[in-house]
Number of protein chains: 2
Amino acid sequence: MNTRISIAGVYPEHEHRCSECRLGDYCFPHNLPPLETDELDHALRISRPLQAGEPLYRIAEPVRAIYAVREGSFKTVALDSEGYEQVVSFHLPGEVFGLEGMYAGSQQCDAIALQNSRVCILPYKGVLQLSHSASRFTERMFQLFSKDHMNHLRLLGNYSAEERLAAFFIGLAERIEPRGQAASDITLPMSRGDIANYLRLAGETLSRALARFQRQDLIQINNRELRFLDIERLRHMGRRVPPYVL
Amino acid sequence: MNTRISIAGVYPEHEHRCSECRLGDYCFPHNLPPLETDELDHALRISRPLQAGEPLYRIAEPVRAIYAVREGSFKTVALDSEGYEQVVSFHLPGEVFGLEGMYAGSQQCDAIALQNSRVCILPYKGVLQLSHSASRFTERMFQLFSKDHMNHLRLLGNYSAEERLAAFFIGLAERIEPRGQAASDITLPMSRGDIANYLRLAGETLSRALARFQRQDLIQINNRELRFLDIERLRHMGRRVPPYVL
DNA sequence: AAATTGCTTTGACTTAAGTCAAGACGGTCG
DNA sequence: CGACCGTCTTGACTTAAGTCAAAGCAATTT
C-alpha cells in the first residue's frame, strides 16, 4: 500500500465556509475573529475546476479579485517585453495570491494552474468592503501583502545553484508540513522547467544539481516523486537563503 | 554657474501639510480626496534630520510606522543568516517605504539614510485608523504594497550585468524626472558598493560595466556625478527589464 | 602637506553556470 | 504495439561574471 501523499488534489472536499476549512489557519481568515470570518464567507466565491495548464488570469486583464488556492496549485509568471517568462512564485493550497496587480488595476502576471485546481475568489469589491467593516481584516490584508513581499525577496540574493535548490526544497517541505502531509515524501506539482526558471537556473544546471544531490544521498528523485533523505544537511546547504514565510 | 541638480537634499523645505507638498502626487496622498488628505495630515509626523549612514530602523525592531522620504534618500538592506547584506531597494523623495515588516510586526530590513535625510512618519495606528475612516486610503495602501511588489520583481530575472545597469540608470532617471529635476544630469546618492550589491554584481563587474558604458559614449561618470549621453540607447539596452513603477 | 583610510578602478586568472548537442525516458495516440 | 513528442539528463565546451591582487584616487586627519 502506497502511503505517499501528493501535493496534488488529494485534499478532501472543503466546506464552503472558511470556518470549516482545514486550511483556514494559513489562508484569508487567519487570526480573524468569528464574526469577520462570517463576513468573509459571504464575500467569497468558489471557482469551477481548472485543468492543468489553464490560466486563472492573464497579464493585462483587469484585476477583479484576489484568490486563495483551494485544491491543486498554481504558478504566477511574469513576461518581459520580449516574451521571456519568469516564474515569480508557486502557490499551494491555502495560499493567497493575485495581489501584485492591485496597483495598476491590471494583472501583471499570468496565473496558471499546475494541476487540476480550484480557487476561492474574493472579489476586489469585497476586499474594500471588508477593509472598512471588519476591523481585523485590513490588517490581515497588509499581512498578506507583506508576506508576499518577504517571499519574493528570499531568492533575490547572490546564491549558488545548490543553495537555491536546497532552500527551494526546504521551503516546499515547510509549506507542505502544516498542511498535514508528510514533509519527507512529496510529489512535485511543477515541471523541472518551472523550477529552473523560478530559481533562475538553466534547466541543465538544475538537472546536474539534482543528480549531485542524489549522489550525496540528500534526496531521491524520479520524475516528480521526491523523497528527502537528509533534510538537516539540506537545510544547512540553504541556510543563507532566508526561510519561506508561511 | 552650475545648473546641476543633485538628488540630494536640495528640495525646498516642505510644508507639513501633504496638500502643500510638491511631492504629494507621488507620495501617500496620491489620488486621495482633500478630506482624506487632511486626515492624513493629522496622523503624519516628521522626523528629525538623519545623517548619512544613520539607521531609521533596524532589523527586528517592532514596526511602529511606515515612512515617506521627505528629503535625502535611503536604502533598505536585508541581512542573511551569516550577516551578508543584500540591498533591497533605494528610496528617493516622495517614495513610501517600510512596508515589508508589517507581516511579522518586526522590521525585516535595515533602513539606512544615504545622505542627510528626513522622513514623514505615518504611525501604524494611523494606517489602521485611516483605512477605516478614509474610504480611498485603504486602496492607496494596497497600491503602495502592490507597487513595491512590482519594483522588487523587476530585477528578479536572468539579466546580464549591462542590462541590469542600463535598467537601473533608466529607472533612476525616470524617478527623478517627475520630481522636477533634469533627468540627464544627476548626482548618485549611493556608493558603487550599494549599486553593485543591489544589482547582484561584484563591485569589480560594476566598475568594468561603467567603464564600457563610458567608452561607448552612453554615459559620463566620475565619482557620483552622472551624465546620460545617450538615454535612448541605454533604454534599449535595458529593454528586457520591466520598467520601474512610479 | 604628508599620511592614513576607505572606496574605486584595472589587470590577470578562475570558476560556476550557460550553451550546444546528443541521447534517454515517459507518456500519448494511432 | 511501435512511433512520436515533449521533457529531462548527460557530456563537452564556452563564457560571463567572480576572485585575487595591486594600484589609483579622494576625502579626512594630524
# chains A, B, ... in the order shown; residues from 1 in each chain; ligands from 1
$ closest_atom_pairs --of "chain C" --to "region 14-27 of chain D" --cutoff "8 Å" --atoms "only C-alpha atoms (C1' of nucleotides)" --output "CSV"
residue,atom,partner,partner_atom,distance
C:DT8,C1',D:DC25,C1',7.8
C:DT9,C1',D:DG24,C1',7.3
C:DT14,C1',D:DT19,C1',7.4
C:DT15,C1',D:DG18,C1',7.6
C:DG18,C1',D:DT15,C1',7.7
C:DT19,C1',D:DT14,C1',7.4
$ write_last_selection --atoms "C-alpha atoms (C1' of nucleotides)" --output "compact mmCIF listing (two decimals), in the first residue's frame"
# COMPACT_ATOMS: atom_id res chain seq x y z
C1' DT C 8 37.09 52.53 -6.88
C1' DT C 9 39.36 51.00 -10.93
C1' DT C 14 39.48 31.08 -12.12
C1' DT C 15 35.11 29.17 -11.97
C1' DG C 18 25.21 28.71 -19.56
C1' DT C 19 25.03 26.77 -24.28
$ residues_around --residues "DA3 (chain D)" --least-positions-apart "3" --cutoff "12 Å" --atoms "only C-alpha atoms (C1' of nucleotides)" --output "number ranges by chain"
C: 28-30
$ write_last_selection --atoms "N, CA and C atoms (P, O5', C5', C4', C3', O3' and C1' of nucleotides)" --output "compact mmCIF listing (two decimals), in the first residue's frame"
# COMPACT_ATOMS: atom_id res chain seq x y z
P DT C 28 -0.24 10.46 -20.48
O5' DT C 28 -0.28 10.44 -22.08
C5' DT C 28 0.27 11.55 -22.79
C4' DT C 28 -0.08 11.43 -24.26
C3' DT C 28 -1.47 10.85 -24.55
O3' DT C 28 -2.03 11.59 -25.61
C1' DT C 28 0.18 9.51 -25.60
P DC C 29 -3.52 11.50 -26.03
O5' DC C 29 -3.40 10.96 -27.52
C5' DC C 29 -2.32 11.37 -28.36
C4' DC C 29 -2.26 10.47 -29.57
C3' DC C 29 -3.61 9.84 -29.92
O3' DC C 29 -3.76 9.80 -31.33
C1' DC C 29 -2.02 8.16 -29.59
P DG C 30 -5.16 9.71 -32.00
O5' DG C 30 -4.85 8.88 -33.31
C5' DG C 30 -3.85 9.34 -34.21
C4' DG C 30 -3.16 8.14 -34.84
C3' DG C 30 -4.10 7.20 -35.60
O3' DG C 30 -3.53 6.87 -36.86
C1' DG C 30 -2.90 5.99 -33.96
$ interface_residues --of "chain D" --to "chain A" --cutoff "10 Å" --atoms "only C-alpha atoms (C1' of nucleotides)" --output "PDB file with C-alpha atoms (C1' of nucleotides), in the first residue's frame"
ATOM      1  C1'  DT D   7      10.714  16.690 -21.078  1.00  0.00           C
ATOM      2  C1'  DC D   8      14.724  15.536 -18.807  1.00  0.00           C
ATOM      3  C1'  DT D   9      19.553  14.106 -18.368  1.00  0.00           C
ATOM      4  C1'  DT D  10      24.387  13.848 -19.558  1.00  0.00           C
TER       5       DT D  10
END
$ interface_residues --of "chain A" --to "chain B" --cutoff "8 Å" --atoms "only C-alpha atoms" --output "short mmCIF file (atom, residue, chain, number, x, y, z; two decimals) with N, CA and C atoms, in the first residue's frame"
data_model
loop_
_atom_site.label_atom_id
_atom_site.label_comp_id
_atom_site.auth_asym_id
_atom_site.auth_seq_id
_atom_site.Cartn_x
_atom_site.Cartn_y
_atom_site.Cartn_z
N ASP A 80 8.59 39.27 -19.83
CA ASP A 80 9.27 40.53 -20.14
C ASP A 80 8.85 40.98 -21.53
N SER A 81 9.38 42.14 -21.91
CA SER A 81 8.93 42.77 -23.15
C SER A 81 9.21 41.92 -24.38
N GLU A 82 10.10 40.95 -24.25
CA GLU A 82 10.38 40.11 -25.41
C GLU A 82 9.73 38.74 -25.29
N GLN A 86 9.26 34.57 -16.65
CA GLN A 86 9.94 34.47 -15.36
C GLN A 86 8.91 33.98 -14.35
N VAL A 88 7.41 33.66 -11.05
CA VAL A 88 7.52 34.54 -9.90
C VAL A 88 7.28 33.77 -8.61
N LEU A 99 -2.09 39.46 -5.69
CA LEU A 99 -2.01 40.80 -5.10
C LEU A 99 -1.22 41.77 -5.97
N GLU A 100 -0.37 41.23 -6.84
CA GLU A 100 0.62 42.09 -7.49
C GLU A 100 0.02 43.06 -8.51
N GLY A 101 -1.21 42.83 -8.92
CA GLY A 101 -1.79 43.71 -9.92
C GLY A 101 -2.62 44.85 -9.36
N MET A 102 -2.74 44.92 -8.03
CA MET A 102 -3.68 45.88 -7.45
C MET A 102 -3.24 47.32 -7.65
N TYR A 103 -1.96 47.55 -7.89
CA TYR A 103 -1.51 48.92 -8.11
C TYR A 103 -2.06 49.44 -9.44
N ALA A 104 -1.75 48.66 -10.48
CA ALA A 104 -2.10 49.11 -11.81
C ALA A 104 -3.58 48.90 -12.10
N LEU A 128 -12.36 45.65 -0.38
CA LEU A 128 -12.51 47.02 0.12
C LEU A 128 -13.59 47.11 1.19
N SER A 131 -12.40 45.68 4.37
CA SER A 131 -11.38 46.51 4.99
C SER A 131 -12.01 47.59 5.85
N HIS A 132 -13.21 48.01 5.47
CA HIS A 132 -13.88 49.05 6.26
C HIS A 132 -14.68 48.45 7.41
N SER A 133 -15.46 47.44 7.09
CA SER A 133 -16.41 46.93 8.08
C SER A 133 -15.74 46.01 9.10
N SER A 135 -12.75 44.94 11.40
CA SER A 135 -11.64 45.70 11.96
C SER A 135 -10.29 44.98 11.83
N THR A 138 -8.38 44.49 7.51
CA THR A 138 -7.39 45.37 6.87
C THR A 138 -5.99 44.90 7.23
N GLU A 139 -5.81 44.66 8.52
CA GLU A 139 -4.51 44.19 8.98
C GLU A 139 -4.12 42.89 8.30
N PHE A 142 -2.83 43.62 4.92
CA PHE A 142 -1.46 44.14 4.97
C PHE A 142 -0.48 43.01 5.22
N GLN A 143 -0.86 42.11 6.09
CA GLN A 143 -0.02 40.95 6.37
C GLN A 143 0.23 40.14 5.11
N LEU A 144 -0.85 39.91 4.37
CA LEU A 144 -0.72 39.08 3.18
C LEU A 144 0.22 39.74 2.17
N PHE A 145 0.08 41.04 2.02
CA PHE A 145 0.98 41.77 1.11
C PHE A 145 2.42 41.63 1.58
N SER A 146 2.60 41.88 2.85
CA SER A 146 3.94 41.94 3.39
C SER A 146 4.60 40.57 3.35
N LYS A 147 3.80 39.53 3.54
CA LYS A 147 4.28 38.15 3.45
C LYS A 147 4.75 37.85 2.03
N HIS A 149 5.75 39.94 -0.16
CA HIS A 149 7.00 40.67 -0.26
C HIS A 149 8.17 39.84 0.19
N MET A 150 8.10 39.40 1.42
CA MET A 150 9.20 38.66 2.04
C MET A 150 9.59 37.48 1.18
N HIS A 152 9.19 37.06 -1.94
CA HIS A 152 9.83 37.44 -3.20
C HIS A 152 11.27 37.84 -2.99
N LEU A 153 11.54 38.37 -1.80
CA LEU A 153 12.91 38.83 -1.53
C LEU A 153 13.86 37.67 -1.25
N LEU A 156 16.38 36.75 -3.90
CA LEU A 156 16.95 37.91 -4.56
C LEU A 156 18.47 37.87 -4.53
N GLY A 157 19.03 37.34 -3.46
CA GLY A 157 20.47 37.40 -3.25
C GLY A 157 21.28 36.58 -4.25
N ASN A 158 22.57 36.66 -4.08
CA ASN A 158 23.55 36.01 -4.95
C ASN A 158 23.84 34.60 -4.46
N ARG A 200 16.06 30.77 -11.37
CA ARG A 200 16.96 31.46 -12.31
C ARG A 200 18.16 30.60 -12.68
N ARG A 239 21.16 27.44 4.17
CA ARG A 239 20.99 28.27 5.36
C ARG A 239 21.09 29.76 5.09
N ARG A 240 21.83 30.15 4.03
CA ARG A 240 21.97 31.59 3.77
C ARG A 240 20.69 32.20 3.23
N VAL A 241 19.88 31.40 2.56
CA VAL A 241 18.65 31.91 1.97
C VAL A 241 17.61 32.09 3.08
N PRO A 242 17.01 33.28 3.18
CA PRO A 242 16.02 33.48 4.25
C PRO A 242 14.89 32.46 4.13
#
$ closest_residue --among "B:Gly238, B:Pro189, B:Gly171, B:Gly126" --to "Glu39 (chain B)" --atoms "only C-alpha atoms"
B:Gly126
$ interface_residues --of "chain C" --to "chain A" --cutoff "12 Å" --atoms "only C-alpha atoms (C1' of nucleotides)" --output "PyMOL selection string"
chain C and resi 16-20+25-27
$ atom_distance --atom1 "CA of Glu36 (chain B)" --atom2 "CA of Lys75 (chain B)"
29.1 Å
$ select_by_dssp --residues "region 114-188 of chain B" --states "alpha helix (DSSP H)" --output "PDB file with N, CA and C atoms, in the first residue's frame"
ATOM      1  N   TYR B 124       1.775  53.286  12.635  1.00  0.00           N
ATOM      2  CA  TYR B 124       0.999  52.101  12.256  1.00  0.00           C
ATOM      3  C   TYR B 124      -0.461  52.262  12.667  1.00  0.00           C
ATOM      4  N   LYS B 125      -0.668  52.811  13.860  1.00  0.00           N
ATOM      5  CA  LYS B 125      -2.034  53.025  14.335  1.00  0.00           C
ATOM      6  C   LYS B 125      -2.795  53.907  13.343  1.00  0.00           C
ATOM      7  N   GLY B 126      -2.117  54.953  12.860  1.00  0.00           N
ATOM      8  CA  GLY B 126      -2.739  55.843  11.892  1.00  0.00           C
ATOM      9  C   GLY B 126      -3.113  55.124  10.610  1.00  0.00           C
ATOM     10  N   VAL B 127      -2.258  54.190  10.191  1.00  0.00           N
ATOM     11  CA  VAL B 127      -2.552  53.418   8.976  1.00  0.00           C
ATOM     12  C   VAL B 127      -3.884  52.702   9.135  1.00  0.00           C
ATOM     13  N   LEU B 128      -4.055  52.047  10.284  1.00  0.00           N
ATOM     14  CA  LEU B 128      -5.274  51.279  10.506  1.00  0.00           C
ATOM     15  C   LEU B 128      -6.491  52.183  10.643  1.00  0.00           C
ATOM     16  N   GLN B 129      -6.317  53.270  11.400  1.00  0.00           N
ATOM     17  CA  GLN B 129      -7.444  54.193  11.564  1.00  0.00           C
ATOM     18  C   GLN B 129      -7.892  54.752  10.219  1.00  0.00           C
ATOM     19  N   LEU B 130      -6.925  55.230   9.446  1.00  0.00           N
ATOM     20  CA  LEU B 130      -7.254  55.813   8.147  1.00  0.00           C
ATOM     21  C   LEU B 130      -7.909  54.790   7.236  1.00  0.00           C
ATOM     22  N   SER B 131      -7.468  53.537   7.347  1.00  0.00           N
ATOM     23  CA  SER B 131      -8.031  52.503   6.487  1.00  0.00           C
ATOM     24  C   SER B 131      -9.527  52.347   6.731  1.00  0.00           C
ATOM     25  N   HIS B 132      -9.948  52.628   7.949  1.00  0.00           N
ATOM     26  CA  HIS B 132     -11.371  52.507   8.247  1.00  0.00           C
ATOM     27  C   HIS B 132     -12.137  53.770   7.932  1.00  0.00           C
ATOM     28  N   SER B 133     -11.594  54.901   8.379  1.00  0.00           N
ATOM     29  CA  SER B 133     -12.355  56.144   8.273  1.00  0.00           C
ATOM     30  C   SER B 133     -12.279  56.752   6.869  1.00  0.00           C
ATOM     31  N   PHE B 137      -8.279  55.582   1.308  1.00  0.00           N
ATOM     32  CA  PHE B 137      -6.943  55.342   1.833  1.00  0.00           C
ATOM     33  C   PHE B 137      -6.552  53.866   1.826  1.00  0.00           C
ATOM     34  N   THR B 138      -7.511  53.000   2.129  1.00  0.00           N
ATOM     35  CA  THR B 138      -7.213  51.562   2.089  1.00  0.00           C
ATOM     36  C   THR B 138      -6.675  51.184   0.720  1.00  0.00           C
ATOM     37  N   GLU B 139      -7.383  51.669  -0.290  1.00  0.00           N
ATOM     38  CA  GLU B 139      -6.945  51.390  -1.656  1.00  0.00           C
ATOM     39  C   GLU B 139      -5.550  51.910  -1.916  1.00  0.00           C
ATOM     40  N   ARG B 140      -5.292  53.100  -1.403  1.00  0.00           N
ATOM     41  CA  ARG B 140      -3.963  53.690  -1.582  1.00  0.00           C
ATOM     42  C   ARG B 140      -2.905  52.798  -0.953  1.00  0.00           C
ATOM     43  N   MET B 141      -3.189  52.279   0.204  1.00  0.00           N
ATOM     44  CA  MET B 141      -2.245  51.383   0.862  1.00  0.00           C
ATOM     45  C   MET B 141      -2.003  50.134   0.021  1.00  0.00           C
ATOM     46  N   PHE B 142      -3.081  49.560  -0.498  1.00  0.00           N
ATOM     47  CA  PHE B 142      -2.920  48.373  -1.344  1.00  0.00           C
ATOM     48  C   PHE B 142      -2.061  48.703  -2.553  1.00  0.00           C
ATOM     49  N   GLN B 143      -2.301  49.873  -3.110  1.00  0.00           N
ATOM     50  CA  GLN B 143      -1.495  50.321  -4.246  1.00  0.00           C
ATOM     51  C   GLN B 143      -0.021  50.385  -3.883  1.00  0.00           C
ATOM     52  N   LEU B 144       0.237  50.962  -2.718  1.00  0.00           N
ATOM     53  CA  LEU B 144       1.629  51.127  -2.314  1.00  0.00           C
ATOM     54  C   LEU B 144       2.309  49.766  -2.148  1.00  0.00           C
ATOM     55  N   PHE B 145       1.599  48.843  -1.554  1.00  0.00           N
ATOM     56  CA  PHE B 145       2.135  47.495  -1.408  1.00  0.00           C
ATOM     57  C   PHE B 145       2.418  46.872  -2.770  1.00  0.00           C
ATOM     58  N   SER B 146       1.424  46.999  -3.622  1.00  0.00           N
ATOM     59  CA  SER B 146       1.497  46.313  -4.903  1.00  0.00           C
ATOM     60  C   SER B 146       2.595  46.930  -5.777  1.00  0.00           C
ATOM     61  N   LYS B 147       2.781  48.226  -5.651  1.00  0.00           N
ATOM     62  CA  LYS B 147       3.834  48.934  -6.359  1.00  0.00           C
ATOM     63  C   LYS B 147       5.214  48.443  -5.894  1.00  0.00           C
ATOM     64  N   ASP B 148       5.371  48.334  -4.604  1.00  0.00           N
ATOM     65  CA  ASP B 148       6.604  47.825  -4.030  1.00  0.00           C
ATOM     66  C   ASP B 148       6.922  46.443  -4.588  1.00  0.00           C
ATOM     67  N   HIS B 149       5.895  45.622  -4.589  1.00  0.00           N
ATOM     68  CA  HIS B 149       5.982  44.306  -5.196  1.00  0.00           C
ATOM     69  C   HIS B 149       6.595  44.344  -6.575  1.00  0.00           C
ATOM     70  N   MET B 150       5.945  45.108  -7.427  1.00  0.00           N
ATOM     71  CA  MET B 150       6.347  45.189  -8.822  1.00  0.00           C
ATOM     72  C   MET B 150       7.813  45.573  -8.932  1.00  0.00           C
ATOM     73  N   ASN B 151       8.211  46.531  -8.130  1.00  0.00           N
ATOM     74  CA  ASN B 151       9.575  47.013  -8.235  1.00  0.00           C
ATOM     75  C   ASN B 151      10.585  46.002  -7.705  1.00  0.00           C
ATOM     76  N   HIS B 152      10.142  45.141  -6.814  1.00  0.00           N
ATOM     77  CA  HIS B 152      11.049  44.090  -6.363  1.00  0.00           C
ATOM     78  C   HIS B 152      11.188  42.999  -7.409  1.00  0.00           C
ATOM     79  N   LEU B 153      10.144  42.811  -8.175  1.00  0.00           N
ATOM     80  CA  LEU B 153      10.183  41.747  -9.185  1.00  0.00           C
ATOM     81  C   LEU B 153      11.021  42.137 -10.391  1.00  0.00           C
ATOM     82  N   ALA B 161      24.927  41.816 -16.680  1.00  0.00           N
ATOM     83  CA  ALA B 161      25.387  42.969 -15.920  1.00  0.00           C
ATOM     84  C   ALA B 161      24.985  44.268 -16.626  1.00  0.00           C
ATOM     85  N   GLU B 162      25.167  44.318 -17.938  1.00  0.00           N
ATOM     86  CA  GLU B 162      24.880  45.566 -18.648  1.00  0.00           C
ATOM     87  C   GLU B 162      23.393  45.850 -18.734  1.00  0.00           C
ATOM     88  N   GLU B 163      22.590  44.826 -18.894  1.00  0.00           N
ATOM     89  CA  GLU B 163      21.138  45.028 -18.889  1.00  0.00           C
ATOM     90  C   GLU B 163      20.693  45.592 -17.549  1.00  0.00           C
ATOM     91  N   ARG B 164      21.194  44.987 -16.478  1.00  0.00           N
ATOM     92  CA  ARG B 164      20.831  45.446 -15.137  1.00  0.00           C
ATOM     93  C   ARG B 164      21.208  46.902 -14.940  1.00  0.00           C
ATOM     94  N   LEU B 165      22.435  47.206 -15.317  1.00  0.00           N
ATOM     95  CA  LEU B 165      22.938  48.547 -15.054  1.00  0.00           C
ATOM     96  C   LEU B 165      22.166  49.582 -15.869  1.00  0.00           C
ATOM     97  N   ALA B 166      21.950  49.286 -17.144  1.00  0.00           N
ATOM     98  CA  ALA B 166      21.194  50.201 -18.002  1.00  0.00           C
ATOM     99  C   ALA B 166      19.804  50.425 -17.408  1.00  0.00           C
ATOM    100  N   ALA B 167      19.142  49.340 -17.017  1.00  0.00           N
ATOM    101  CA  ALA B 167      17.792  49.457 -16.467  1.00  0.00           C
ATOM    102  C   ALA B 167      17.810  50.246 -15.162  1.00  0.00           C
ATOM    103  N   PHE B 168      18.859  50.052 -14.390  1.00  0.00           N
ATOM    104  CA  PHE B 168      18.973  50.788 -13.131  1.00  0.00           C
ATOM    105  C   PHE B 168      19.049  52.290 -13.399  1.00  0.00           C
ATOM    106  N   PHE B 169      19.870  52.662 -14.362  1.00  0.00           N
ATOM    107  CA  PHE B 169      20.028  54.078 -14.696  1.00  0.00           C
ATOM    108  C   PHE B 169      18.725  54.667 -15.225  1.00  0.00           C
ATOM    109  N   ILE B 170      18.095  53.930 -16.126  1.00  0.00           N
ATOM    110  CA  ILE B 170      16.829  54.421 -16.682  1.00  0.00           C
ATOM    111  C   ILE B 170      15.800  54.601 -15.574  1.00  0.00           C
ATOM    112  N   GLY B 171      15.738  53.626 -14.698  1.00  0.00           N
ATOM    113  CA  GLY B 171      14.804  53.720 -13.573  1.00  0.00           C
ATOM    114  C   GLY B 171      15.065  54.958 -12.734  1.00  0.00           C
ATOM    115  N   LEU B 172      16.322  55.205 -12.443  1.00  0.00           N
ATOM    116  CA  LEU B 172      16.686  56.392 -11.662  1.00  0.00           C
ATOM    117  C   LEU B 172      16.232  57.661 -12.367  1.00  0.00           C
ATOM    118  N   ALA B 173      16.570  57.751 -13.652  1.00  0.00           N
ATOM    119  CA  ALA B 173      16.222  58.948 -14.417  1.00  0.00           C
ATOM    120  C   ALA B 173      14.714  59.169 -14.387  1.00  0.00           C
ATOM    121  N   GLU B 174      13.970  58.089 -14.546  1.00  0.00           N
ATOM    122  CA  GLU B 174      12.512  58.227 -14.588  1.00  0.00           C
ATOM    123  C   GLU B 174      11.937  58.619 -13.230  1.00  0.00           C
ATOM    124  N   ARG B 175      12.612  58.189 -12.176  1.00  0.00           N
ATOM    125  CA  ARG B 175      12.113  58.543 -10.854  1.00  0.00           C
ATOM    126  C   ARG B 175      12.463  59.979 -10.509  1.00  0.00           C
ATOM    127  N   ILE B 176      13.534  60.471 -11.062  1.00  0.00           N
ATOM    128  CA  ILE B 176      13.969  61.818 -10.721  1.00  0.00           C
ATOM    129  C   ILE B 176      13.209  62.854 -11.529  1.00  0.00           C
TER     130      ILE B 176
END
$ select_by_dssp --residues "region 9-89 of chain A" --states "strand (DSSP E or B)" --output "PyMOL selection string"
chain A and resi 45-46+50+55-57+62+65-71+74-79+85-89
$ write_last_selection --atoms "N, CA and C atoms" --output "compact mmCIF listing (two decimals), in the first residue's frame"
# COMPACT_ATOMS: atom_id res chain seq x y z
N ARG A 45 -16.32 33.55 -3.22
CA ARG A 45 -16.91 32.65 -4.22
C ARG A 45 -15.92 31.53 -4.50
N ILE A 46 -16.43 30.46 -5.08
CA ILE A 46 -15.54 29.34 -5.42
C ILE A 46 -15.51 29.15 -6.92
N LEU A 50 -10.25 24.07 -12.55
CA LEU A 50 -9.39 24.44 -13.67
C LEU A 50 -8.46 23.27 -13.98
N PRO A 55 -5.16 28.96 -17.56
CA PRO A 55 -4.90 30.20 -16.83
C PRO A 55 -6.09 30.60 -15.97
N LEU A 56 -5.80 31.09 -14.76
CA LEU A 56 -6.84 31.68 -13.92
C LEU A 56 -7.02 33.13 -14.31
N TYR A 57 -5.89 33.81 -14.52
CA TYR A 57 -5.94 35.14 -15.12
C TYR A 57 -4.71 35.35 -15.96
N PRO A 62 -8.13 43.13 -16.36
CA PRO A 62 -8.44 43.92 -15.16
C PRO A 62 -8.44 43.03 -13.93
N ALA A 65 -10.39 40.37 -8.61
CA ALA A 65 -10.47 39.64 -7.33
C ALA A 65 -9.08 39.24 -6.88
N ILE A 66 -8.96 38.79 -5.64
CA ILE A 66 -7.76 38.07 -5.24
C ILE A 66 -8.18 36.64 -4.90
N TYR A 67 -7.22 35.76 -4.81
CA TYR A 67 -7.53 34.33 -4.81
C TYR A 67 -6.79 33.58 -3.70
N ALA A 68 -7.36 32.44 -3.31
CA ALA A 68 -6.65 31.51 -2.45
C ALA A 68 -6.77 30.12 -3.08
N VAL A 69 -5.70 29.35 -3.02
CA VAL A 69 -5.74 28.00 -3.61
C VAL A 69 -6.61 27.12 -2.71
N ARG A 70 -7.57 26.46 -3.32
CA ARG A 70 -8.49 25.59 -2.60
C ARG A 70 -8.01 24.15 -2.73
N GLU A 71 -7.68 23.78 -3.94
CA GLU A 71 -7.04 22.50 -4.18
C GLU A 71 -6.19 22.63 -5.42
N PHE A 74 -0.77 26.53 -8.31
CA PHE A 74 -0.63 27.49 -9.39
C PHE A 74 0.80 28.01 -9.46
N LYS A 75 1.16 28.53 -10.62
CA LYS A 75 2.35 29.35 -10.71
C LYS A 75 1.93 30.72 -11.21
N THR A 76 2.64 31.77 -10.78
CA THR A 76 2.45 33.07 -11.40
C THR A 76 3.71 33.39 -12.20
N VAL A 77 3.51 33.88 -13.40
CA VAL A 77 4.59 34.06 -14.36
C VAL A 77 4.57 35.46 -14.93
N ALA A 78 5.68 36.16 -14.82
CA ALA A 78 5.80 37.47 -15.46
C ALA A 78 6.41 37.29 -16.84
N LEU A 79 6.02 38.12 -17.78
CA LEU A 79 6.59 38.07 -19.12
C LEU A 79 7.34 39.36 -19.35
N GLU A 85 9.61 34.23 -20.19
CA GLU A 85 8.88 34.00 -18.94
C GLU A 85 9.79 34.08 -17.74
N GLN A 86 9.26 34.57 -16.65
CA GLN A 86 9.94 34.47 -15.36
C GLN A 86 8.91 33.98 -14.35
N VAL A 87 9.12 32.76 -13.84
CA VAL A 87 8.22 32.25 -12.82
C VAL A 87 8.44 33.04 -11.54
N VAL A 88 7.41 33.66 -11.05
CA VAL A 88 7.52 34.54 -9.90
C VAL A 88 7.28 33.77 -8.61
N SER A 89 6.26 32.95 -8.59
CA SER A 89 6.06 32.10 -7.41
C SER A 89 5.12 30.94 -7.69
$ atom_distance --atom1 "CA of Asp185 (chain B)" --atom2 "CA of Phe228 (chain B)"
6.4 Å
$ residues_around --residues "Leu92 (chain A)" --least-positions-apart "2" --cutoff "7 Å" --atoms "only C-alpha atoms (C1' of nucleotides)" --output "mmCIF file with C-alpha atoms, in the first residue's frame"
data_model
loop_
_atom_site.group_PDB
_atom_site.id
_atom_site.type_symbol
_atom_site.label_atom_id
_atom_site.label_comp_id
_atom_site.auth_asym_id
_atom_site.auth_seq_id
_atom_site.Cartn_x
_atom_site.Cartn_y
_atom_site.Cartn_z
ATOM 1 C CA VAL A 69 -5.744 28.004 -3.607
ATOM 2 C CA GLY A 72 -4.225 21.908 -6.655
ATOM 3 C CA SER A 73 -1.565 24.518 -7.247
ATOM 4 C CA PHE A 74 -0.628 27.494 -9.388
ATOM 5 C CA PHE A 90 4.261 28.859 -6.792
ATOM 6 C CA GLY A 94 -4.334 27.771 1.437
ATOM 7 C CA GLU A 95 -2.011 30.366 -0.069
#
$ atom_distance --atom1 "CA of Leu44 (chain B)" --atom2 "CA of Pro29 (chain B)"
11.2 Å
$ residues_around --residues "Ile59 (chain B)" --least-positions-apart "6" --cutoff "7 Å" --atoms "only C-alpha atoms (C1' of nucleotides)" --output "MDAnalysis selection string"
chainID B and resid 107:110
